[in-house]
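Participant: First, the structure itself, so that you have it in front of you.
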Amino acid sequence: MKADLIAQLQGLEEEGTVAVQEAPPESLEGLRVELLGRKGRLTGILRHVVQLAPEDRPVVGAEANRVKQALSELLDARAAEAGPAEALGPLEDLTLPGRRRWRGGLHPVTQTVNEICDIFRDLGFSRVSGPEAETLDYNFTKLNIPLDHPAADMHDTFFLNEGVVLRTHTSPVQARTMERCAPPVRVVVPGMCYRRDAWDASHAPAFEQIEGLAVDEGISFVDFRATIDEFVRRFFGPATRTRFRPSYFPFTEPSAEVDVSCQICGGSGCSACKGTGWMEIMGAGMVHPKVFANVGYDPERYTGFAFGMGPARITMLRHRIPDIRLLYENDMRFLEQFA
Amino acid sequence: MAERLAMLGAPVDEIVELGAELGDVVIARVDDVRQHPNADRLRVCTVDTGTGATLQVVCGAPNVQAGGFYPFAPVGATLPGDVQIRKAKLRGEASEGMLCSARELGLGRDHAGLLALTGEWEPGARFVDALELDDARLVVDVTPNRPDLLSHVGVAREVAPGGVAEITAAPFDGASVCPQPARAEWQGEVAGIRVAIDDLDGCPRYMAAVIRGARVGPSPEWVATRLRVIGLRPINNVVDATNYVLHELGQPLHAFDLARLQGGEVHIRRAGDGETLRTLDGVERTLVAQDLVIADAERPIALAGVMGGADSEVSETTTELLIECARFDPRSVRRAARRLALSTDASYRFERGVDPEGLPRALNSVVDLIVALAGGTPEAALDVGADARDQTTVVLNPERVNRTLGVSLDPGEIAGYLRPLGFETARQDSVLRVQVPSFRSDVETEIDLVEEIARRRGYDTFVGSLPAFRPSAVPTEPMVALQARLHALLGRWGFLEARTAGFAPAAPERVPLRNPLSAEESSLRDALLPGLLRRLEHNLAHAVRDVRLYEIGTVFLPDSQGQAPREDVHLAAVFTGARDPAHWTSPGEAWTVWDLKGLLEDLASELGGQGVPEGERLQVGGKDGAVLGGGGPLPARGGAVWGLEVTIAPQNAQVDAAAYHPLPIFPAVDRDLALLIPDGVTAAEVDSAIRTAAGPMLEALFPFDLFQGAGIPQGNRSVAWRLRFRTAERTLTDAEVDAAINRTLKTLEDRFGIRRR
Ligand SMILES: [Zn+2]
């Protein structure tokens, strides 16, 4: 019985080998089912194994496995040979275009925001957010901006009611973060801001801003410059130079405007940089001691720096987009260029 | 110079080369003026331009006079803005050139008439040379904390290499004739006029001088030119003198026609509610009780610090002048200027603060200049109001300077940076006592001096390497990762991210803006879909038929509890057109409701919920059973448009880490059932019944074919389901699977009357 079964298996192997070698490619799958399938010939032979003495079963089983393995490999090898030609069918004109999927992707401003935040994440800044409808207190007072001072004119503000405005900058999140957490604080805050500027080529009443804040003991103006310089080199490229100009923001002192060497002319002067060779990218400075006092930090112990930049403007610089309205029109043909 | 100013914090917005485009312009004398025969408003002038022969020029300006001198652009000249002068015929009269206004020459906004030169000039002389216009105007952007830079002397103090000590007075060589002002506490007399400050909070100091016998007329050209080149319009020698000194020293000044003052009195007081004043611009203004005014015995004659009154304006007939040189409370001025939407050179400076100790010098200068230009005799001067301001002294700790700036400066170096800016320093133990000059009212505390030191040293001198830092105590918000996953999901679906402004037209459920820009943007959005739909329509209008847009953004909902609206983050998507890009292998398919449902199901699994069909709409349920949003067909022009909107709630942001399921060891058994399902029985009901009946061996279940029509009994549809059986313990036998199938078929028959096809 045992010898009979082994002979049957070897017969199947011989016969199967010839059949596989001679079969046309399209009938290989059918042959595989016939030989090795659930109701195939190998299974048919093995149905008799139950009639064997228990000690003989493993011997027959091993031989069955060997035969199955051998035929299976042969089938695979033949299929692989036939494969490529089979998949192509009758050979087509391969200069015809391939079949693609729609290409989705992020808005160019979101890409800029992400890139900036990722660089700052590498520099130890985590990413947080805050409300877009803010109280006057957070938007102005806590940031040392007196409401009846011309400094508040720099922000043309949308009001929701007596005490609530649409935030004019992301800086209120500085105060919120410091009130929530003790130092060391290193955060970047991307978000929407609002100012009462009518739509034109360079103004939008709603726009993105990224705020940054670093506070700890011993953070100096030199550290501030080094951090911003490092960001600029990583974002704009290692050859980019920076220039820090004195400026005025009520919530930082010393305050600075940060310029980078013009991305178009490299600093020699062109129409994009009005011949100066520089492009302004952020307002920044050392956190004003009054702001620390307003949020309950000890101004004698802690120092830090803060910065704010407009990713929409930076996106426009980068991609040479001439009109800010293109960013918010959301024309598919525009968005596809950056996806 | 522009570069230096920029690096000191006062960037130059614009450099105007004054004479650059005026090389062709010469001075002309108009010898004769006659009415144009065919046009009421035109005149025909005979003009001498120094060439020997006279020219005929047609001119529309009302102020052209025979004997007058004017700038003249001959035929062939080019004026600012690339204007070419050509020979022309105007209503039949030949015109060989153009007599110019200030605006045509880029010398100010004045377009009312020709730029009339006072005095005698050489016809044919180059205009640029004659008026010494070979110069440039720097338009400086001054930050609101630095009112001291709002004058020529102020800017000079900032840029003088050796500091304030080097500044010399402007080149005016008139004699000093202003009388020594008499001091008075809150009221006093000047040449018979009583001056009283009734409100010392509103006006801490008021200086006045009286000049009699002045002759009001045009200013000499050196004054007129200097005013023109900074964009001002010369008016008359008295007004011009006040403007000149304002821009020289930064102190606003005003001249009243003394003869028009009633009752020999001047009061600085609050207005009575409803009092009116016709200001210099001719507008009748109704005042409120908070407004600070200058008044005579009867009525207001000026809105303090903002604008003078028309009734007491200096005119050609004026001979007696009252000159005002005062300091007004910045807040009062700001309130009035804002309420009346009236920003003047004076209010701009008072709002930011003028140098409290600069008043005597300014009064002195303006009186001297008026007498030099208009003659007359300065009769007396008065100085009312205690100038309460003490010298500000700030204690500066060098340790603080070095700690903040990250450098090590010794006290001597620190003093060296401060002294040229006018700060006096004195050592006291380890600190410096710094006296702040009166014109730097912005410097109040130590940190203000730190900035001065950094500015003077140069921001670009602070170089160092990237510092060591302690990591942030604040973690990145989980929302950031959730949004990144959602962006990636929509990206895989081929959607492009849109960004729209957060506004919407007014609606009862929306939070309104108090001061909107337009009706279209008068409220805050409470959903993203309407805005996205408009963007979709924009695309359709531009013949873009295949649109797939999504947005993640903030929406605002009224909150009766809080002062501020509630803010939620939503994700919305709209799509229409072809599901795949056009390709030659297939005719292309449109998006269907099944794509919408699939997208909602994908979103639901990211948001920790599941997609649930409910009636006509498809909704997404959250973790806690709440509805997070849904989708459906949208009303839009032409074609099927699909849309969805869901809330991305922070509590859903914490997605549990997936637990590993062991991979199967034993083979599965697949069975297909084609079922005739009576109408009214839903797939969900069948699905649930099959799962229950088939038992735990059922590993997977899904419909793979649906058919209705020929061969299918009326009122039925045929749905083919695949059932996959498997256990983790052993290979299933056919008998076991058959038993489960039979159980299933019986249940379906009994409960729904479903039969196998
Ligand atoms: Zn450039």
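Residues are named by chain letter and number: chains run A, B, ... in the order of the structure tokens, numbers start at 1 in each chain, and ligands are numbered from 1 in the order shown.
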Around ligand 1, which protein and nucleic acid residues have at least one atom no more than 6 Å from it, if we count only C-alpha atoms and all ligand atoms? List them as a list in words.
Facilitator: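 Those within range of ligand 1 are Cys262, Ile264, Cys265, Gly267, Gly269, Cys270, Ala272, Cys273 and Gly277 of chain A.
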Participant: For N, CA, C and O atoms, I'd like the residues from the last selection saved as a PDB file, in the first residue's frame.
Facilitator:
```pdb
ATOM      1  N   CYS A 262      18.102  88.991  -0.538  1.00  0.00           N
ATOM      2  CA  CYS A 262      17.034  88.807  -1.520  1.00  0.00           C
ATOM      3  C   CYS A 262      17.155  87.440  -2.192  1.00  0.00           C
ATOM      4  O   CYS A 262      18.223  87.067  -2.680  1.00  0.00           O
ATOM      5  N   ILE A 264      15.869  86.525  -4.857  1.00  0.00           N
ATOM      6  CA  ILE A 264      15.822  86.584  -6.312  1.00  0.00           C
ATOM      7  C   ILE A 264      17.164  87.038  -6.877  1.00  0.00           C
ATOM      8  O   ILE A 264      17.729  86.405  -7.751  1.00  0.00           O
ATOM      9  N   CYS A 265      17.708  88.131  -6.316  1.00  0.00           N
ATOM     10  CA  CYS A 265      18.966  88.639  -6.880  1.00  0.00           C
ATOM     11  C   CYS A 265      20.166  88.238  -6.029  1.00  0.00           C
ATOM     12  O   CYS A 265      21.303  88.491  -6.391  1.00  0.00           O
ATOM     13  N   GLY A 267      21.106  89.561  -3.368  1.00  0.00           N
ATOM     14  CA  GLY A 267      21.618  90.678  -2.578  1.00  0.00           C
ATOM     15  C   GLY A 267      22.192  91.812  -3.403  1.00  0.00           C
ATOM     16  O   GLY A 267      22.569  92.842  -2.863  1.00  0.00           O
ATOM     17  N   GLY A 269      20.526  93.530  -5.546  1.00  0.00           N
ATOM     18  CA  GLY A 269      19.505  94.558  -5.778  1.00  0.00           C
ATOM     19  C   GLY A 269      18.720  94.279  -7.037  1.00  0.00           C
ATOM     20  O   GLY A 269      19.289  94.107  -8.114  1.00  0.00           O
ATOM     21  N   CYS A 270      17.403  94.235  -6.907  1.00  0.00           N
ATOM     22  CA  CYS A 270      16.537  94.004  -8.068  1.00  0.00           C
ATOM     23  C   CYS A 270      15.184  94.643  -7.769  1.00  0.00           C
ATOM     24  O   CYS A 270      15.004  95.240  -6.722  1.00  0.00           O
ATOM     25  N   ALA A 272      12.379  93.208  -7.126  1.00  0.00           N
ATOM     26  CA  ALA A 272      11.638  92.522  -6.055  1.00  0.00           C
ATOM     27  C   ALA A 272      12.028  93.060  -4.687  1.00  0.00           C
ATOM     28  O   ALA A 272      11.210  93.140  -3.786  1.00  0.00           O
ATOM     29  N   CYS A 273      13.294  93.436  -4.509  1.00  0.00           N
ATOM     30  CA  CYS A 273      13.746  93.941  -3.205  1.00  0.00           C
ATOM     31  C   CYS A 273      13.895  95.462  -3.254  1.00  0.00           C
ATOM     32  O   CYS A 273      14.542  96.039  -2.391  1.00  0.00           O
ATOM     33  N   GLY A 277      18.502  94.731  -1.944  1.00  0.00           N
ATOM     34  CA  GLY A 277      19.193  93.462  -1.745  1.00  0.00           C
ATOM     35  C   GLY A 277      18.663  92.687  -0.552  1.00  0.00           C
ATOM     36  O   GLY A 277      19.144  91.602  -0.253  1.00  0.00           O
TER      37      GLY A 277
END
```
Participant: Identify every residue of chain B that has at least one atom within 6 Å of any atom of chain A, counting only C-alpha atoms, and report the result as a ChimeraX atom specification.
Facilitator: /B:7-9,144,404-406,451,459,462-467,471-473,475-477,491,494-501,513-514,539,580
Participant: The selected residues should be written to file as a PDB file, in the first residue's frame (atoms: C-alpha atoms).
Facilitator:
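Saved as selection-v3.pdb:
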```
ATOM      1  CA  MET B   7      20.132 100.194  10.720  1.00  0.00           C
ATOM      2  CA  LEU B   8      19.140 102.705  13.402  1.00  0.00           C
ATOM      3  CA  GLY B   9      15.483 101.705  13.239  1.00  0.00           C
ATOM      4  CA  PRO B 144       5.134 105.195  16.999  1.00  0.00           C
ATOM      5  CA  THR B 404      20.075  90.531  28.105  1.00  0.00           C
ATOM      6  CA  LEU B 405      22.411  91.156  25.230  1.00  0.00           C
ATOM      7  CA  GLY B 406      24.838  88.275  25.802  1.00  0.00           C
ATOM      8  CA  GLU B 451      17.751  98.694  23.403  1.00  0.00           C
ATOM      9  CA  TYR B 459      22.382  94.733  15.963  1.00  0.00           C
ATOM     10  CA  PHE B 462      25.787  90.437  18.249  1.00  0.00           C
ATOM     11  CA  VAL B 463      27.033  87.222  16.726  1.00  0.00           C
ATOM     12  CA  GLY B 464      27.422  83.863  18.387  1.00  0.00           C
ATOM     13  CA  SER B 465      26.821  80.168  17.912  1.00  0.00           C
ATOM     14  CA  LEU B 466      23.572  78.293  18.387  1.00  0.00           C
ATOM     15  CA  PRO B 467      23.002  78.077  22.142  1.00  0.00           C
ATOM     16  CA  PRO B 471      13.656  71.298  25.861  1.00  0.00           C
ATOM     17  CA  SER B 472      10.261  72.945  25.977  1.00  0.00           C
ATOM     18  CA  ALA B 473       8.051  72.227  28.963  1.00  0.00           C
ATOM     19  CA  PRO B 475       4.392  69.450  24.414  1.00  0.00           C
ATOM     20  CA  THR B 476       3.179  69.700  20.839  1.00  0.00           C
ATOM     21  CA  GLU B 477      -0.629  69.511  20.764  1.00  0.00           C
ATOM     22  CA  GLY B 491      -3.959  63.788  -0.279  1.00  0.00           C
ATOM     23  CA  GLY B 494      -6.319  63.159  -4.726  1.00  0.00           C
ATOM     24  CA  PHE B 495      -7.813  66.224  -3.022  1.00  0.00           C
ATOM     25  CA  LEU B 496      -6.094  69.617  -2.990  1.00  0.00           C
ATOM     26  CA  GLU B 497      -6.100  71.703   0.148  1.00  0.00           C
ATOM     27  CA  ALA B 498      -7.896  75.042  -0.055  1.00  0.00           C
ATOM     28  CA  ARG B 499      -7.545  77.966   2.325  1.00  0.00           C
ATOM     29  CA  THR B 500     -10.387  80.444   2.568  1.00  0.00           C
ATOM     30  CA  ALA B 501     -10.827  83.499   4.791  1.00  0.00           C
ATOM     31  CA  LEU B 513     -18.489  91.440  13.032  1.00  0.00           C
ATOM     32  CA  ARG B 514     -19.010  94.894  14.467  1.00  0.00           C
ATOM     33  CA  ASN B 539     -13.291  76.702 -10.715  1.00  0.00           C
ATOM     34  CA  ASP B 580      -9.705  59.603 -12.272  1.00  0.00           C
TER      35      ASP B 580
END
```
Participant: Can you tell me which residues surround Gly308 of chain A at a distance of at most 6 Å, considering only C-alpha atoms, apart from same-chain residues fewer than 6 positions away, and format the answer as a list in words?
Facilitator: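 Everything that qualifies: Ile210, Glu211, Met282 and Gly283 of chain A.
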Participant: Keeping only N, CA, C and O atoms, write those residues as an mmCIF file, in the first residue's frame.
Facilitator:
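As written to disk, again-v4.cif reads:
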```cif
data_model
loop_
_atom_site.group_PDB
_atom_site.id
_atom_site.type_symbol
_atom_site.label_atom_id
_atom_site.label_comp_id
_atom_site.auth_asym_id
_atom_site.auth_seq_id
_atom_site.Cartn_x
_atom_site.Cartn_y
_atom_site.Cartn_z
ATOM 1 N N ILE A 210 3.057 82.931 11.971
ATOM 2 C CA ILE A 210 3.697 81.958 12.860
ATOM 3 C C ILE A 210 4.430 82.731 13.937
ATOM 4 O O ILE A 210 5.266 83.581 13.652
ATOM 5 N N GLU A 211 4.039 82.444 15.170
ATOM 6 C CA GLU A 211 4.654 83.079 16.314
ATOM 7 C C GLU A 211 5.696 82.127 16.873
ATOM 8 O O GLU A 211 5.519 80.915 16.802
ATOM 9 N N MET A 282 10.548 88.864 9.120
ATOM 10 C CA MET A 282 9.905 88.731 10.432
ATOM 11 C C MET A 282 10.166 89.937 11.325
ATOM 12 O O MET A 282 11.112 90.687 11.130
ATOM 13 N N GLY A 283 9.254 90.100 12.295
ATOM 14 C CA GLY A 283 9.462 91.030 13.391
ATOM 15 C C GLY A 283 9.798 90.189 14.604
ATOM 16 O O GLY A 283 9.254 89.104 14.783
#
```
Participant: Tell me which protein, DNA and RNA residues are within 10 Å of Pro703 of chain B, counting only C-alpha atoms, leaving out same-chain ones fewer than 6 positions away, and put them as a CSV table (one decimal) with N, CA and C atoms, in the first residue's frame.
Facilitator:
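Wrote it out as out16.csv, contents follow:
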```
chain,number,residue,atom,x,y,z
B,672,ASP,N,-19.7,31.7,-1.5
B,672,ASP,CA,-20.4,32.8,-2.1
B,672,ASP,C,-21.9,32.5,-2.1
B,673,LEU,N,-22.7,33.4,-1.7
B,673,LEU,CA,-24.2,33.2,-1.6
B,673,LEU,C,-24.8,34.3,-2.5
B,674,ALA,N,-25.5,34.0,-3.6
B,674,ALA,CA,-26.3,34.9,-4.3
B,674,ALA,C,-27.7,34.9,-3.8
B,683,ALA,N,-29.2,46.2,3.2
B,683,ALA,CA,-27.9,45.4,3.3
B,683,ALA,C,-27.4,45.3,4.7
B,687,ASP,N,-26.5,41.9,6.5
B,687,ASP,CA,-25.2,41.8,7.0
B,687,ASP,C,-25.2,41.3,8.5
B,719,VAL,N,-28.2,40.1,-4.5
B,719,VAL,CA,-26.9,40.6,-4.0
B,719,VAL,C,-26.1,39.3,-3.7
B,720,ALA,N,-24.9,39.3,-4.2
B,720,ALA,CA,-24.0,38.2,-4.0
B,720,ALA,C,-23.0,38.5,-2.8
B,721,TRP,N,-23.0,37.7,-1.8
B,721,TRP,CA,-22.1,37.9,-0.7
B,721,TRP,C,-21.0,36.9,-0.6
B,722,ARG,N,-19.9,37.3,-0.2
B,722,ARG,CA,-18.8,36.3,0.0
B,722,ARG,C,-18.7,36.2,1.5
B,723,LEU,N,-18.7,34.9,2.0
B,723,LEU,CA,-18.5,34.6,3.4
B,723,LEU,C,-17.2,33.9,3.5
```
Participant: Going by DSSP on the backbone, which bits of segment 38-231 of chain A are strand (DSSP E)? Write them as an mmCIF file with C-alpha atoms, in the first residue's frame, please.
Facilitator:
```cif
data_model
loop_
_atom_site.group_PDB
_atom_site.id
_atom_site.type_symbol
_atom_site.label_atom_id
_atom_site.label_comp_id
_atom_site.auth_asym_id
_atom_site.auth_seq_id
_atom_site.Cartn_x
_atom_site.Cartn_y
_atom_site.Cartn_z
ATOM 1 C CA SER A 126 6.968 72.405 20.145
ATOM 2 C CA ARG A 127 3.851 73.387 18.198
ATOM 3 C CA ALA A 133 -11.299 85.293 18.701
ATOM 4 C CA GLU A 134 -9.361 86.970 21.483
ATOM 5 C CA THR A 135 -10.051 89.344 24.316
ATOM 6 C CA PHE A 159 -14.368 93.736 16.746
ATOM 7 C CA LEU A 160 -16.917 91.092 17.745
ATOM 8 C CA ASN A 161 -18.064 92.989 20.830
ATOM 9 C CA VAL A 164 -13.485 90.575 21.995
ATOM 10 C CA VAL A 165 -11.659 90.982 18.706
ATOM 11 C CA LEU A 166 -10.354 88.745 15.971
ATOM 12 C CA VAL A 185 9.118 77.418 27.087
ATOM 13 C CA ARG A 186 9.986 76.962 23.429
ATOM 14 C CA VAL A 187 6.955 77.009 21.144
ATOM 15 C CA VAL A 188 5.915 77.918 17.635
ATOM 16 C CA VAL A 189 2.310 78.928 17.038
ATOM 17 C CA PRO A 190 0.976 78.914 13.489
ATOM 18 C CA GLY A 191 -2.509 80.325 12.993
ATOM 19 C CA MET A 192 -4.892 82.706 11.277
ATOM 20 C CA CYS A 193 -4.881 86.418 12.111
ATOM 21 C CA TYR A 194 -7.223 89.151 11.000
ATOM 22 C CA ALA A 206 -7.340 87.058 7.039
ATOM 23 C CA PHE A 207 -3.799 85.760 6.859
ATOM 24 C CA GLU A 208 -1.479 83.233 8.461
ATOM 25 C CA GLN A 209 1.157 84.064 11.005
ATOM 26 C CA ILE A 210 3.697 81.958 12.860
ATOM 27 C CA GLU A 211 4.654 83.079 16.314
ATOM 28 C CA GLY A 212 7.714 81.808 18.120
ATOM 29 C CA LEU A 213 8.669 82.123 21.773
ATOM 30 C CA ALA A 214 11.681 80.919 23.756
ATOM 31 C CA VAL A 215 11.942 81.709 27.475
ATOM 32 C CA ASP A 216 14.376 80.418 30.045
#
```
Participant: Just list as a VMD selection string whatever in segment 98-275 of chain A DSSP marks as helix (DSSP H, G or I).
Facilitator: chain A and resid 108 to 122 136 to 139 141 to 143 150 to 154 172 to 180 221 to 236
Participant: Would you mind listing what lies within 12 Å of Gly61 of chain A as a VMD selection string, with only C-alpha atoms counted and same-chain residues fewer than 2 positions away left out?
Facilitator: chain A and resid 2 5 to 6 9 42 to 43 45 to 50 52 54 to 59 63 to 68
Participant: Write a file of the just-selected residues containing N, CA, C and O atoms, as an mmCIF file, in the first residue's frame.
Facilitator:
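Output saved as out_39.cif:
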```cif
data_model
loop_
_atom_site.group_PDB
_atom_site.id
_atom_site.type_symbol
_atom_site.label_atom_id
_atom_site.label_comp_id
_atom_site.auth_asym_id
_atom_site.auth_seq_id
_atom_site.Cartn_x
_atom_site.Cartn_y
_atom_site.Cartn_z
ATOM 1 N N LYS A 2 1.859 1.215 0.919
ATOM 2 C CA LYS A 2 2.734 2.377 1.032
ATOM 3 C C LYS A 2 3.535 2.566 -0.261
ATOM 4 O O LYS A 2 3.595 3.658 -0.829
ATOM 5 N N LEU A 5 1.430 3.889 -3.092
ATOM 6 C CA LEU A 5 1.154 5.330 -3.024
ATOM 7 C C LEU A 5 2.373 6.139 -3.472
ATOM 8 O O LEU A 5 2.259 7.115 -4.208
ATOM 9 N N ILE A 6 3.584 5.683 -3.030
ATOM 10 C CA ILE A 6 4.797 6.412 -3.416
ATOM 11 C C ILE A 6 4.987 6.349 -4.930
ATOM 12 O O ILE A 6 5.331 7.344 -5.580
ATOM 13 N N LEU A 9 2.702 8.765 -6.544
ATOM 14 C CA LEU A 9 3.202 10.140 -6.406
ATOM 15 C C LEU A 9 4.298 10.426 -7.426
ATOM 16 O O LEU A 9 4.324 11.464 -8.081
ATOM 17 N N LEU A 42 -3.068 15.344 -6.801
ATOM 18 C CA LEU A 42 -2.256 15.084 -5.613
ATOM 19 C C LEU A 42 -3.159 14.830 -4.406
ATOM 20 O O LEU A 42 -2.961 13.873 -3.652
ATOM 21 N N THR A 43 -4.151 15.652 -4.238
ATOM 22 C CA THR A 43 -5.088 15.482 -3.131
ATOM 23 C C THR A 43 -5.785 14.125 -3.253
ATOM 24 O O THR A 43 -6.021 13.427 -2.252
ATOM 25 N N ILE A 45 -4.603 11.338 -4.500
ATOM 26 C CA ILE A 45 -3.723 10.267 -4.037
ATOM 27 C C ILE A 45 -3.679 10.263 -2.518
ATOM 28 O O ILE A 45 -3.782 9.211 -1.871
ATOM 29 N N LEU A 46 -3.589 11.451 -1.933
ATOM 30 C CA LEU A 46 -3.389 11.543 -0.483
ATOM 31 C C LEU A 46 -4.632 11.121 0.304
ATOM 32 O O LEU A 46 -4.552 10.856 1.496
ATOM 33 N N ARG A 47 -5.798 11.090 -0.370
ATOM 34 C CA ARG A 47 -7.010 10.665 0.309
ATOM 35 C C ARG A 47 -6.860 9.247 0.875
ATOM 36 O O ARG A 47 -7.490 8.898 1.860
ATOM 37 N N HIS A 48 -5.963 8.457 0.247
ATOM 38 C CA HIS A 48 -5.786 7.071 0.692
ATOM 39 C C HIS A 48 -4.830 6.955 1.854
ATOM 40 O O HIS A 48 -4.659 5.865 2.395
ATOM 41 N N VAL A 49 -4.190 7.996 2.276
ATOM 42 C CA VAL A 49 -3.213 7.936 3.355
ATOM 43 C C VAL A 49 -3.860 7.419 4.636
ATOM 44 O O VAL A 49 -3.236 6.693 5.420
ATOM 45 N N VAL A 50 -5.149 7.712 4.837
ATOM 46 C CA VAL A 50 -5.825 7.280 6.073
ATOM 47 C C VAL A 50 -5.832 5.766 6.217
ATOM 48 O O VAL A 50 -5.966 5.234 7.317
ATOM 49 N N LEU A 52 -3.317 3.845 5.602
ATOM 50 C CA LEU A 52 -1.971 3.361 5.929
ATOM 51 C C LEU A 52 -1.822 3.138 7.421
ATOM 52 O O LEU A 52 -2.529 3.732 8.233
ATOM 53 N N PRO A 54 -0.138 3.846 10.862
ATOM 54 C CA PRO A 54 0.307 5.161 11.341
ATOM 55 C C PRO A 54 1.799 5.399 11.099
ATOM 56 O O PRO A 54 2.191 6.521 10.771
ATOM 57 N N GLU A 55 2.663 4.356 11.282
ATOM 58 C CA GLU A 55 4.104 4.601 11.151
ATOM 59 C C GLU A 55 4.498 4.891 9.711
ATOM 60 O O GLU A 55 5.544 5.468 9.437
ATOM 61 N N ASP A 56 3.665 4.508 8.727
ATOM 62 C CA ASP A 56 3.997 4.748 7.322
ATOM 63 C C ASP A 56 3.574 6.141 6.844
ATOM 64 O O ASP A 56 4.056 6.643 5.832
ATOM 65 N N ARG A 57 2.653 6.690 7.545
ATOM 66 C CA ARG A 57 2.088 7.976 7.063
ATOM 67 C C ARG A 57 3.125 9.082 6.829
ATOM 68 O O ARG A 57 3.128 9.715 5.783
ATOM 69 N N PRO A 58 4.079 9.302 7.816
ATOM 70 C CA PRO A 58 5.035 10.400 7.594
ATOM 71 C C PRO A 58 5.885 10.211 6.334
ATOM 72 O O PRO A 58 6.190 11.186 5.646
ATOM 73 N N VAL A 59 6.226 8.928 6.005
ATOM 74 C CA VAL A 59 7.068 8.676 4.840
ATOM 75 C C VAL A 59 6.347 9.123 3.572
ATOM 76 O O VAL A 59 6.891 9.842 2.730
ATOM 77 N N GLU A 63 7.114 12.371 0.951
ATOM 78 C CA GLU A 63 7.264 12.233 -0.495
ATOM 79 C C GLU A 63 6.247 13.129 -1.211
ATOM 80 O O GLU A 63 6.562 13.784 -2.209
ATOM 81 N N ALA A 64 5.025 13.191 -0.670
ATOM 82 C CA ALA A 64 3.985 14.047 -1.272
ATOM 83 C C ALA A 64 4.425 15.509 -1.264
ATOM 84 O O ALA A 64 4.281 16.239 -2.245
ATOM 85 N N ASN A 65 4.998 15.913 -0.127
ATOM 86 C CA ASN A 65 5.480 17.297 -0.043
ATOM 87 C C ASN A 65 6.557 17.592 -1.072
ATOM 88 O O ASN A 65 6.581 18.650 -1.672
ATOM 89 N N ARG A 66 7.480 16.599 -1.241
ATOM 90 C CA ARG A 66 8.577 16.795 -2.186
ATOM 91 C C ARG A 66 8.032 16.982 -3.597
ATOM 92 O O ARG A 66 8.412 17.906 -4.327
ATOM 93 N N VAL A 67 7.087 16.079 -3.970
ATOM 94 C CA VAL A 67 6.502 16.148 -5.314
ATOM 95 C C VAL A 67 5.765 17.475 -5.502
ATOM 96 O O VAL A 67 5.905 18.169 -6.515
ATOM 97 N N LYS A 68 4.990 17.860 -4.471
ATOM 98 C CA LYS A 68 4.223 19.117 -4.557
ATOM 99 C C LYS A 68 5.161 20.301 -4.763
ATOM 100 O O LYS A 68 4.942 21.166 -5.612
#
```
Participant: Find the residues around Glu316 of chain B up to 12 Å (only C-alpha atoms counted), leave out those fewer than 3 positions away in its own chain, and share them as a ChimeraX atom specification.
Facilitator: /B:214-218,235-239,257,313,319-320,374
Participant: So that I can check the surroundings of segment 43-60 of chain B, please list as a ChimeraX atom specification every protein, DNA and RNA residue that reaches within 6 Å of it, counting only C-alpha atoms and ignoring chain neighbours fewer than 4 positions away.
Facilitator: /B:28-36,95-96,123-124
Participant: Atom CA of Met697 of chain B to atom CA of Glu749 of chain B: how many Å, to one decimal?
Facilitator: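 A separation of 20.8 Å between them.
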Participant: Nearest to Ser438 of chain B among B:Asp738, B:Glu324, B:Asp135, B:Asp148, with distances taken over only C-alpha atoms: which residue is it?
Facilitator: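 Between B:Asp738, B:Glu324, B:Asp135, B:Asp148, the residue approaching Ser438 of chain B most closely is B:Asp148.
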Participant: Record the distance separating atom CA of Arg270 of chain B and atom CA of Val293 of chain B, expressed in Å with one decimal.
Facilitator: 5.9 Å
